[in-house]
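Raw contents of data-v6.cif, mmCIF, C-alpha atoms and all ligand atoms:
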data_query
#
loop_
_atom_site.group_PDB
_atom_site.id
_atom_site.type_symbol
_atom_site.label_atom_id
_atom_site.label_comp_id
_atom_site.auth_asym_id
_atom_site.auth_seq_id
_atom_site.Cartn_x
_atom_site.Cartn_y
_atom_site.Cartn_z
ATOM 1 C CA MET A 274 225.965 159.975 101.283
ATOM 2 C CA THR A 275 222.278 160.380 102.037
ATOM 3 C CA GLN A 276 221.064 158.458 104.995
ATOM 4 C CA LYS A 277 217.579 157.416 106.060
ATOM 5 C CA ASN A 278 216.449 158.353 109.557
ATOM 6 C CA LEU A 279 216.069 155.474 111.980
ATOM 7 C CA ALA A 280 212.794 154.660 113.698
ATOM 8 C CA ILE A 281 214.640 153.108 116.632
ATOM 9 C CA LEU A 282 218.246 153.443 117.769
ATOM 10 C CA ALA A 283 219.170 151.044 120.582
ATOM 11 C CA PHE A 284 222.236 151.766 122.724
ATOM 12 C CA GLY A 285 224.031 149.171 124.825
ATOM 13 C CA ALA A 286 226.935 149.522 127.251
ATOM 14 C CA HIS A 287 228.291 146.191 125.978
ATOM 15 C CA PRO A 288 227.844 144.308 122.702
ATOM 16 C CA ASP A 289 224.987 141.831 123.490
ATOM 17 C CA ASP A 290 223.099 144.090 125.972
ATOM 18 C CA VAL A 291 220.624 145.124 123.279
ATOM 19 C CA GLU A 292 220.085 141.567 122.012
ATOM 20 C CA LEU A 293 219.524 140.168 125.511
ATOM 21 C CA SER A 294 216.856 142.674 126.509
ATOM 22 C CA ALA A 295 215.465 144.291 123.350
ATOM 23 C CA GLY A 296 216.432 141.963 120.474
ATOM 24 C CA GLY A 297 212.868 140.756 119.985
ATOM 25 C CA THR A 298 211.580 144.335 119.975
ATOM 26 C CA LEU A 299 214.062 145.338 117.262
ATOM 27 C CA ALA A 300 213.257 142.211 115.195
ATOM 28 C CA LYS A 301 209.552 143.013 115.474
ATOM 29 C CA HIS A 302 209.911 146.607 114.284
ATOM 30 C CA ILE A 303 212.259 145.565 111.476
ATOM 31 C CA ALA A 304 209.599 143.025 110.350
ATOM 32 C CA GLN A 305 207.193 146.014 110.239
ATOM 33 C CA ASN A 306 209.650 147.792 107.887
ATOM 34 C CA HIS A 307 210.916 150.278 110.463
ATOM 35 C CA LEU A 308 214.624 151.034 110.215
ATOM 36 C CA CYS A 309 216.496 150.154 113.390
ATOM 37 C CA GLY A 310 220.127 150.480 114.477
ATOM 38 C CA ILE A 311 222.405 149.510 117.365
ATOM 39 C CA VAL A 312 225.197 151.522 118.975
ATOM 40 C CA ASP A 313 227.511 149.719 121.388
ATOM 41 C CA LEU A 314 229.193 152.150 123.791
ATOM 42 C CA THR A 315 232.153 149.846 124.491
ATOM 43 C CA ARG A 316 233.809 146.786 122.980
ATOM 44 C CA GLY A 317 233.175 144.671 126.096
ATOM 45 C CA GLU A 318 236.927 144.189 126.387
ATOM 46 C CA LEU A 319 236.790 143.486 130.147
ATOM 47 C CA GLY A 320 234.406 140.528 129.777
ATOM 48 C CA THR A 321 235.707 137.295 131.334
ATOM 49 C CA ARG A 322 235.147 135.291 128.158
ATOM 50 C CA GLY A 323 236.032 136.277 124.604
ATOM 51 C CA ASN A 324 237.949 139.392 123.606
ATOM 52 C CA ALA A 325 237.285 142.644 121.772
ATOM 53 C CA GLU A 326 238.047 141.069 118.377
ATOM 54 C CA ASN A 327 235.773 138.053 118.599
ATOM 55 C CA ARG A 328 233.037 140.081 120.293
ATOM 56 C CA HIS A 329 233.208 142.493 117.332
ATOM 57 C CA ALA A 330 232.705 139.623 114.873
ATOM 58 C CA GLU A 331 229.863 138.246 117.006
ATOM 59 C CA ALA A 332 228.178 141.681 117.099
ATOM 60 C CA ALA A 333 228.374 141.908 113.290
ATOM 61 C CA GLU A 334 226.818 138.451 112.909
ATOM 62 C CA SER A 335 224.044 139.284 115.376
ATOM 63 C CA ALA A 336 223.321 142.555 113.507
ATOM 64 C CA ARG A 337 222.981 140.511 110.308
ATOM 65 C CA ILE A 338 220.564 138.069 111.990
ATOM 66 C CA LEU A 339 218.382 140.888 113.352
ATOM 67 C CA GLY A 340 218.527 142.868 110.088
ATOM 68 C CA VAL A 341 219.493 146.218 111.625
ATOM 69 C CA SER A 342 220.421 149.015 109.212
ATOM 70 C CA MET A 343 223.549 150.053 111.089
ATOM 71 C CA ARG A 344 225.700 149.025 114.036
ATOM 72 C CA GLU A 345 228.522 151.158 115.372
ATOM 73 C CA ASN A 346 230.863 150.823 118.325
ATOM 74 C CA LEU A 347 231.900 154.040 120.104
ATOM 75 C CA ASP A 348 234.705 152.288 122.041
ATOM 76 C CA LEU A 349 234.292 154.513 125.114
ATOM 77 C CA GLY A 350 236.068 152.014 127.401
ATOM 78 C CA ASP A 351 234.451 149.013 129.095
ATOM 79 C CA GLY A 352 234.097 149.532 132.862
ATOM 80 C CA PHE A 353 235.567 153.026 132.836
ATOM 81 C CA PHE A 354 233.514 155.189 130.469
ATOM 82 C CA ASP A 355 232.017 158.249 132.085
ATOM 83 C CA GLU A 356 229.618 161.067 131.379
ATOM 84 C CA SER A 357 232.425 163.338 130.181
ATOM 85 C CA ARG A 358 231.965 165.967 127.512
ATOM 86 C CA GLU A 359 233.773 163.662 125.042
ATOM 87 C CA SER A 360 231.451 160.721 125.767
ATOM 88 C CA LEU A 361 228.355 162.923 125.496
ATOM 89 C CA LEU A 362 229.529 164.425 122.204
ATOM 90 C CA ALA A 363 230.199 160.940 120.788
ATOM 91 C CA VAL A 364 226.640 159.857 121.637
ATOM 92 C CA ILE A 365 225.143 163.145 120.380
ATOM 93 C CA ARG A 366 227.027 162.681 117.098
ATOM 94 C CA VAL A 367 225.391 159.288 116.376
ATOM 95 C CA ILE A 368 221.946 160.571 117.432
ATOM 96 C CA ARG A 369 222.238 163.521 115.066
ATOM 97 C CA GLN A 370 223.580 161.337 112.259
ATOM 98 C CA HIS A 371 220.749 158.784 112.423
ATOM 99 C CA LYS A 372 217.913 160.997 113.814
ATOM 100 C CA PRO A 373 216.015 158.225 115.622
ATOM 101 C CA GLN A 374 212.402 158.748 116.594
ATOM 102 C CA VAL A 375 212.815 156.396 119.561
ATOM 103 C CA VAL A 376 215.920 155.614 121.614
ATOM 104 C CA LEU A 377 216.319 152.435 123.667
ATOM 105 C CA ALA A 378 218.926 152.417 126.416
ATOM 106 C CA ASN A 379 220.223 150.280 129.292
ATOM 107 C CA ALA A 380 218.346 149.725 132.555
ATOM 108 C CA ILE A 381 218.548 152.694 134.927
ATOM 109 C CA SER A 382 219.664 150.441 137.815
ATOM 110 C CA ASP A 383 221.273 147.038 137.367
ATOM 111 C CA ARG A 384 223.813 144.454 138.566
ATOM 112 C CA HIS A 385 226.553 145.712 136.199
ATOM 113 C CA PRO A 386 227.383 149.321 137.123
ATOM 114 C CA ASP A 387 228.085 150.169 133.451
ATOM 115 C CA HIS A 388 224.386 149.718 132.686
ATOM 116 C CA ALA A 389 223.133 152.547 134.919
ATOM 117 C CA ARG A 390 225.942 154.841 133.727
ATOM 118 C CA ALA A 391 225.086 154.074 130.102
ATOM 119 C CA ALA A 392 221.402 154.774 130.807
ATOM 120 C CA SER A 393 222.268 158.173 132.249
ATOM 121 C CA LEU A 394 224.796 159.031 129.513
ATOM 122 C CA VAL A 395 222.405 158.206 126.665
ATOM 123 C CA SER A 396 219.445 159.947 128.296
ATOM 124 C CA ARG A 397 221.442 163.138 128.857
ATOM 125 C CA ALA A 398 222.855 163.011 125.311
ATOM 126 C CA CYS A 399 219.308 162.699 123.878
ATOM 127 C CA PHE A 400 218.384 165.993 125.573
ATOM 128 C CA LEU A 401 221.607 167.808 124.684
ATOM 129 C CA SER A 402 221.360 166.625 121.071
ATOM 130 C CA GLY A 403 218.331 168.904 120.695
ATOM 131 C CA LEU A 404 220.290 172.048 121.585
ATOM 132 C CA ASN A 405 221.396 173.759 118.400
ATOM 133 C CA LYS A 406 224.163 175.753 120.064
ATOM 134 C CA ILE A 407 226.056 172.484 120.514
ATOM 135 C CA GLU A 408 227.805 172.286 117.160
ATOM 136 C CA ILE A 409 229.199 169.013 115.862
ATOM 137 C CA LEU A 410 231.054 168.729 112.592
ATOM 138 C CA HIS A 411 231.047 165.267 111.049
ATOM 139 C CA GLU A 412 233.051 164.658 107.865
ATOM 140 C CA GLY A 413 233.016 168.396 107.224
ATOM 141 C CA VAL A 414 229.234 168.729 107.628
ATOM 142 C CA LEU A 415 227.506 170.461 110.555
ATOM 143 C CA LEU A 416 225.016 167.978 112.015
ATOM 144 C CA PRO A 417 221.655 169.637 112.767
ATOM 145 C CA ALA A 418 220.156 169.371 116.258
ATOM 146 C CA HIS A 419 217.833 166.404 116.800
ATOM 147 C CA ARG A 420 216.027 165.305 119.949
ATOM 148 C CA PRO A 421 214.426 161.824 119.891
ATOM 149 C CA GLN A 422 210.710 161.777 120.667
ATOM 150 C CA SER A 423 211.075 159.259 123.495
ATOM 151 C CA ILE A 424 213.519 157.102 125.439
ATOM 152 C CA TYR A 425 212.734 153.689 126.882
ATOM 153 C CA HIS A 426 215.047 151.713 129.158
ATOM 154 C CA TYR A 427 215.081 147.971 128.580
ATOM 155 C CA ILE A 428 215.000 145.736 131.654
ATOM 156 C CA GLN A 429 218.171 143.673 132.217
ATOM 157 C CA ASP A 430 219.266 141.578 135.236
ATOM 158 C CA TYR A 431 217.346 143.252 138.046
ATOM 159 C CA ASN A 432 213.710 142.333 138.245
ATOM 160 C CA THR A 433 212.248 145.775 137.592
ATOM 161 C CA THR A 434 208.526 146.487 137.151
ATOM 162 C CA ALA A 435 207.858 147.198 133.466
ATOM 163 C CA HIS A 436 205.966 150.353 132.434
ATOM 164 C CA LEU A 437 205.540 149.011 128.915
ATOM 165 C CA ILE A 438 205.795 145.498 127.451
ATOM 166 C CA VAL A 439 206.318 144.645 123.781
ATOM 167 C CA ASP A 440 204.798 141.386 122.512
ATOM 168 C CA ILE A 441 207.722 139.538 120.902
ATOM 169 C CA SER A 442 206.006 136.141 120.593
ATOM 170 C CA ALA A 443 206.611 135.902 116.836
ATOM 171 C CA HIS A 444 210.198 137.138 117.209
ATOM 172 C CA PHE A 445 211.506 135.247 120.227
ATOM 173 C CA ASP A 446 213.320 132.682 118.053
ATOM 174 C CA ILE A 447 215.209 135.362 116.097
ATOM 175 C CA LYS A 448 216.092 137.129 119.363
ATOM 176 C CA MET A 449 217.619 133.912 120.713
ATOM 177 C CA LYS A 450 219.515 133.338 117.442
ATOM 178 C CA ALA A 451 220.936 136.863 117.748
ATOM 179 C CA VAL A 452 221.870 136.224 121.396
ATOM 180 C CA MET A 453 223.572 132.935 120.543
ATOM 181 C CA ALA A 454 225.643 134.696 117.858
ATOM 182 C CA PHE A 455 227.692 135.872 120.858
ATOM 183 C CA ASN A 456 229.013 132.354 121.223
ATOM 184 C CA THR A 457 231.965 133.270 123.467
ATOM 185 C CA GLN A 458 229.536 134.676 126.065
ATOM 186 C CA PHE A 459 226.765 132.128 126.399
ATOM 187 C CA TYR A 460 226.444 128.405 126.913
ATOM 188 C CA ASP A 461 228.789 126.446 124.694
ATOM 189 C CA PRO A 462 229.619 122.925 125.912
ATOM 190 C CA THR A 463 232.859 122.962 123.847
ATOM 191 C CA SER A 464 234.228 126.195 125.389
ATOM 192 C CA THR A 465 237.360 125.942 127.551
ATOM 193 C CA GLU A 466 236.950 129.462 128.973
ATOM 194 C CA PRO A 467 235.972 130.117 132.627
ATOM 195 C CA GLU A 468 232.308 129.815 133.538
ATOM 196 C CA THR A 469 230.489 133.099 134.196
ATOM 197 C CA PRO A 470 226.987 133.948 135.496
ATOM 198 C CA ILE A 471 225.793 134.207 131.856
ATOM 199 C CA SER A 472 227.585 131.188 130.340
ATOM 200 C CA THR A 473 225.498 128.468 131.989
ATOM 201 C CA PRO A 474 222.465 126.713 130.468
ATOM 202 C CA LEU A 475 220.474 128.163 133.375
ATOM 203 C CA PHE A 476 221.018 131.707 132.041
ATOM 204 C CA LEU A 477 219.327 130.775 128.758
ATOM 205 C CA GLU A 478 216.423 129.366 130.769
ATOM 206 C CA PHE A 479 216.322 132.641 132.701
ATOM 207 C CA LEU A 480 216.039 134.609 129.429
ATOM 208 C CA ARG A 481 213.181 132.423 128.287
ATOM 209 C CA GLY A 482 211.503 132.587 131.704
ATOM 210 C CA ARG A 483 211.797 136.382 131.828
ATOM 211 C CA ALA A 484 210.238 136.648 128.350
ATOM 212 C CA ILE A 485 207.414 134.306 129.401
ATOM 213 C CA GLU A 486 206.867 136.349 132.562
ATOM 214 C CA PHE A 487 206.582 139.651 130.638
ATOM 215 C CA GLY A 488 204.418 137.932 128.019
ATOM 216 C CA ARG A 489 202.063 136.589 130.658
ATOM 217 C CA ILE A 490 201.392 140.087 132.021
ATOM 218 C CA ILE A 491 200.015 141.209 128.634
ATOM 219 C CA GLY A 492 198.450 137.898 127.643
ATOM 220 C CA CYS A 493 200.936 136.734 125.023
ATOM 221 C CA GLN A 494 203.636 134.062 124.861
ATOM 222 C CA PHE A 495 206.823 136.147 125.076
ATOM 223 C CA GLY A 496 207.475 139.806 125.911
ATOM 224 C CA GLU A 497 210.245 142.341 126.566
ATOM 225 C CA GLY A 498 209.773 144.906 129.319
ATOM 226 C CA PHE A 499 210.769 148.573 129.363
ATOM 227 C CA THR A 500 210.607 151.490 131.768
ATOM 228 C CA CYS A 501 209.627 154.942 130.506
ATOM 229 C CA GLU A 502 211.096 158.341 131.328
ATOM 230 C CA ARG A 503 207.705 159.977 130.793
ATOM 231 C CA ALA A 504 204.189 158.627 130.387
ATOM 232 C CA PRO A 505 203.862 157.167 126.882
ATOM 233 C CA GLY A 506 201.074 158.591 124.711
ATOM 234 C CA THR A 507 198.872 156.704 122.279
ATOM 235 C CA HIS A 508 196.486 157.591 119.467
ATOM 236 C CA SER A 509 194.196 154.761 120.438
ATOM 237 C CA PHE A 510 193.362 152.660 123.484
ATOM 238 C CA ILE A 511 192.356 149.950 121.053
ATOM 239 C CA GLU A 512 195.931 149.439 119.806
ATOM 240 C CA LEU A 513 197.179 148.795 123.322
ATOM 241 C CA LEU A 514 197.268 145.157 124.402
HETATM 242 ZN ZN ZN B 1 226.072 144.705 129.752
#
Write out the structure in this file as structure tokens.
Amino acid sequence: MTQKNLAILAFGAHPDDVELSAGGTLAKHIAQNHLCGIVDLTRGELGTRGNAENRHAEAAESARILGVSMRENLDLGDGFFDESRESLLAVIRVIRQHKPQVVLANAISDRHPDHARAASLVSRACFLSGLNKIEILHEGVLLPAHRPQSIYHYIQDYNTTAHLIVDISAHFDIKMKAVMAFNTQFYDPTSTEPETPISTPLFLEFLRGRAIEFGRIIGCQFGEGFTCERAPGTHSFIELL
């Protein structure tokens, strides 16, 4: 099967991480006809609300809403995945399969310890993926080395200073629809499951407030903030907001 390379591949430690912090950015690039994908590192099976099965269905529905070209779950183990050789090879395999130009990954420091570990795992895998002496066979085919051009870490719970902000004003509504597809996780007045820090109406207000705050910095309505591993380059100052 021939496969088109992705412009952006977004990794998340848990299903919903990408939607919460970079869903508007993906929706925006998809609207510009760039192919985007999501890889969830775990099934979020340790989450207080929901379970692996309904979170899988929610992730599929959210992928449909955003219009991503692929979504895969590596099932590395919620709460316990590590930067082992096996984990790195699993991440390298998807990078080589989809050859993204840009990789988005979790925040490098955050409230949930999985986020920082995921950030480190994905960043290291992006580098190793470019080494052609690491050989990975997938369905009988040797996957050629591929190193993404750049990695950006989306900002999650901790209030981190953004190095780069994407204007998502025209895509905030679709981001929130994608977030709300995870209906076991977020505010649902009919739910009988225990309340969590993300299941209250206040959390949805926080998401909106955070997007307004990032938007305000660059003079637009809503934004999503990222940190960079290296200084980003541009062909034109004029294109920058
Ligand atoms: Zn998470």
Proximity of range 321-377 of chain A to range 286-289 of chain A: per-residue shortest pair, 9 Å limit, all atoms listed in the file, as CSV:
residue,atom,partner,partner_atom,distance
A:Arg328,CA,A:Pro288,CA,7.1
A:His329,CA,A:Pro288,CA,7.8
A:Glu331,CA,A:Pro288,CA,8.6
A:Ala332,CA,A:Pro288,CA,6.2
A:Ser335,CA,A:Asp289,CA,8.6
A:Asn346,CA,A:Pro288,CA,8.4
A:Asp351,CA,A:His287,CA,7.5
Show which residues sit within 9 Å of Ala295 in chain A, as a ChimeraX atom specification. Count all atoms listed in the file, and ignore same-chain residues fewer than 5 positions away.
-> /A:283,290,300,377,427-428,448,497-499
Mind working out the centre and edge lengths of an axis-aligned box for range 507-511 of chain A, all listed atoms inside, 3 Å added to each side, rounded to one decimal in Å and written as AutoDock Vina command-line options?
--center_x 195.6 --center_y 153.8 --center_z 121.5 --size_x 12.5 --size_y 13.6 --size_z 10.0
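For the set A:Lys301, A:Arg366, A:Arg390, A:Arg358, the residue with the smallest atom-to-atom gap to ligand ZN 1 (chain B) is A:Arg390, counting all atoms listed in the file.
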Taking only C-alpha atoms and all ligand atoms into account, which of A:Ala380, A:Ala304, A:Val367, A:Leu282 comes nearest ligand ZN 1 (chain B)?
-> A:Ala380
Pick out the closest residue to Ser393 in chain A from this set: A:Phe487, A:Glu502, A:Pro470, A:Leu475. Count all atoms listed in the file.
->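 Smallest separation from Ser393 in chain A among the options: A:Glu502.
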Can you write out as a Markdown table which residues of chain A fall within 12 Å of ligand ZN 1 (chain B), alongside each residue's closest atom pair and its distance in Å to one decimal, counting all atoms listed in the file and ordering rows by chain and ascending residue number?
| residue | atom | partner | partner_atom | distance |
| --- | --- | --- | --- | --- |
| A:Phe284 | CA | B:ZN1 | ZN | 10.7 |
| A:Gly285 | CA | B:ZN1 | ZN | 7.0 |
| A:Ala286 | CA | B:ZN1 | ZN | 5.5 |
| A:His287 | CA | B:ZN1 | ZN | 4.6 |
| A:Pro288 | CA | B:ZN1 | ZN | 7.3 |
| A:Asp289 | CA | B:ZN1 | ZN | 7.0 |
| A:Asp290 | CA | B:ZN1 | ZN | 4.8 |
| A:Val291 | CA | B:ZN1 | ZN | 8.5 |
| A:Glu292 | CA | B:ZN1 | ZN | 10.3 |
| A:Leu293 | CA | B:ZN1 | ZN | 9.0 |
| A:Ser294 | CA | B:ZN1 | ZN | 10.0 |
| A:Asp313 | CA | B:ZN1 | ZN | 9.9 |
| A:Leu314 | CA | B:ZN1 | ZN | 10.0 |
| A:Thr315 | CA | B:ZN1 | ZN | 9.5 |
| A:Arg316 | CA | B:ZN1 | ZN | 10.5 |
| A:Gly317 | CA | B:ZN1 | ZN | 8.0 |
| A:Glu318 | CA | B:ZN1 | ZN | 11.4 |
| A:Leu319 | CA | B:ZN1 | ZN | 10.8 |
| A:Gly320 | CA | B:ZN1 | ZN | 9.3 |
| A:Asp351 | CA | B:ZN1 | ZN | 9.4 |
| A:Gly352 | CA | B:ZN1 | ZN | 9.9 |
| A:Ala378 | CA | B:ZN1 | ZN | 11.0 |
| A:Asn379 | CA | B:ZN1 | ZN | 8.1 |
| A:Ala380 | CA | B:ZN1 | ZN | 9.6 |
| A:Ser382 | CA | B:ZN1 | ZN | 11.8 |
| A:Asp383 | CA | B:ZN1 | ZN | 9.3 |
| A:Arg384 | CA | B:ZN1 | ZN | 9.1 |
| A:His385 | CA | B:ZN1 | ZN | 6.5 |
| A:Pro386 | CA | B:ZN1 | ZN | 8.8 |
| A:Asp387 | CA | B:ZN1 | ZN | 6.9 |
| A:His388 | CA | B:ZN1 | ZN | 6.0 |
| A:Ala389 | CA | B:ZN1 | ZN | 9.8 |
| A:Arg390 | CA | B:ZN1 | ZN | 10.9 |
| A:Ala391 | CA | B:ZN1 | ZN | 9.4 |
| A:Ala392 | CA | B:ZN1 | ZN | 11.1 |
| A:Tyr427 | CA | B:ZN1 | ZN | 11.5 |
| A:Ile428 | CA | B:ZN1 | ZN | 11.3 |
| A:Gln429 | CA | B:ZN1 | ZN | 8.3 |
| A:Asp430 | CA | B:ZN1 | ZN | 9.3 |
| A:Gln458 | CA | B:ZN1 | ZN | 11.2 |
| A:Ile471 | CA | B:ZN1 | ZN | 10.7 |
What is the CA of Gly496 in chain A to CA of Val395 in chain A distance in Å?
->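 It comes out at 23.7 Å.
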Hey, which of A:His426, A:His411, A:Arg344, A:Arg322 ends up closest to Ser396 in chain A? Count only C-alpha atoms.
-> A:His426
Could you tell me how far CA of His302 in chain A lies from CA of Ala280 in chain A, in Å and to one decimal?
->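 Between CA of His302 in chain A and CA of Ala280 in chain A the gap works out to 8.6 Å.
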Could you jot down the CA of Phe445 in chain A to CA of Gln494 in chain A separation for me, Å, one decimal place?
-> 9.2 Å
Which is closer to Ile424 in chain A than all the others in A:Ile491, A:Leu437, A:Ile303, A:Ala454, using all atoms listed in the file?
->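 Residue with the minimum atom-to-atom distance to Ile424 in chain A: A:Leu437.
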Option closest in space to Ala325 in chain A, from A:His436, A:Asn405, A:Arg481, A:Thr457 [counting all atoms listed in the file] |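 Of A:His436, A:Asn405, A:Arg481, A:Thr457, the one nearest Ala325 in chain A is A:Thr457, counting all atoms listed in the file.
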Cut-off 8 Å around (224.4, 123.7, 131.0) with all atoms listed in the file: residues as a list of chain:residue names =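 I get A:Tyr460, A:Pro462, A:Thr473, A:Pro474, A:Leu475 for the residues within 8 Å of that point.
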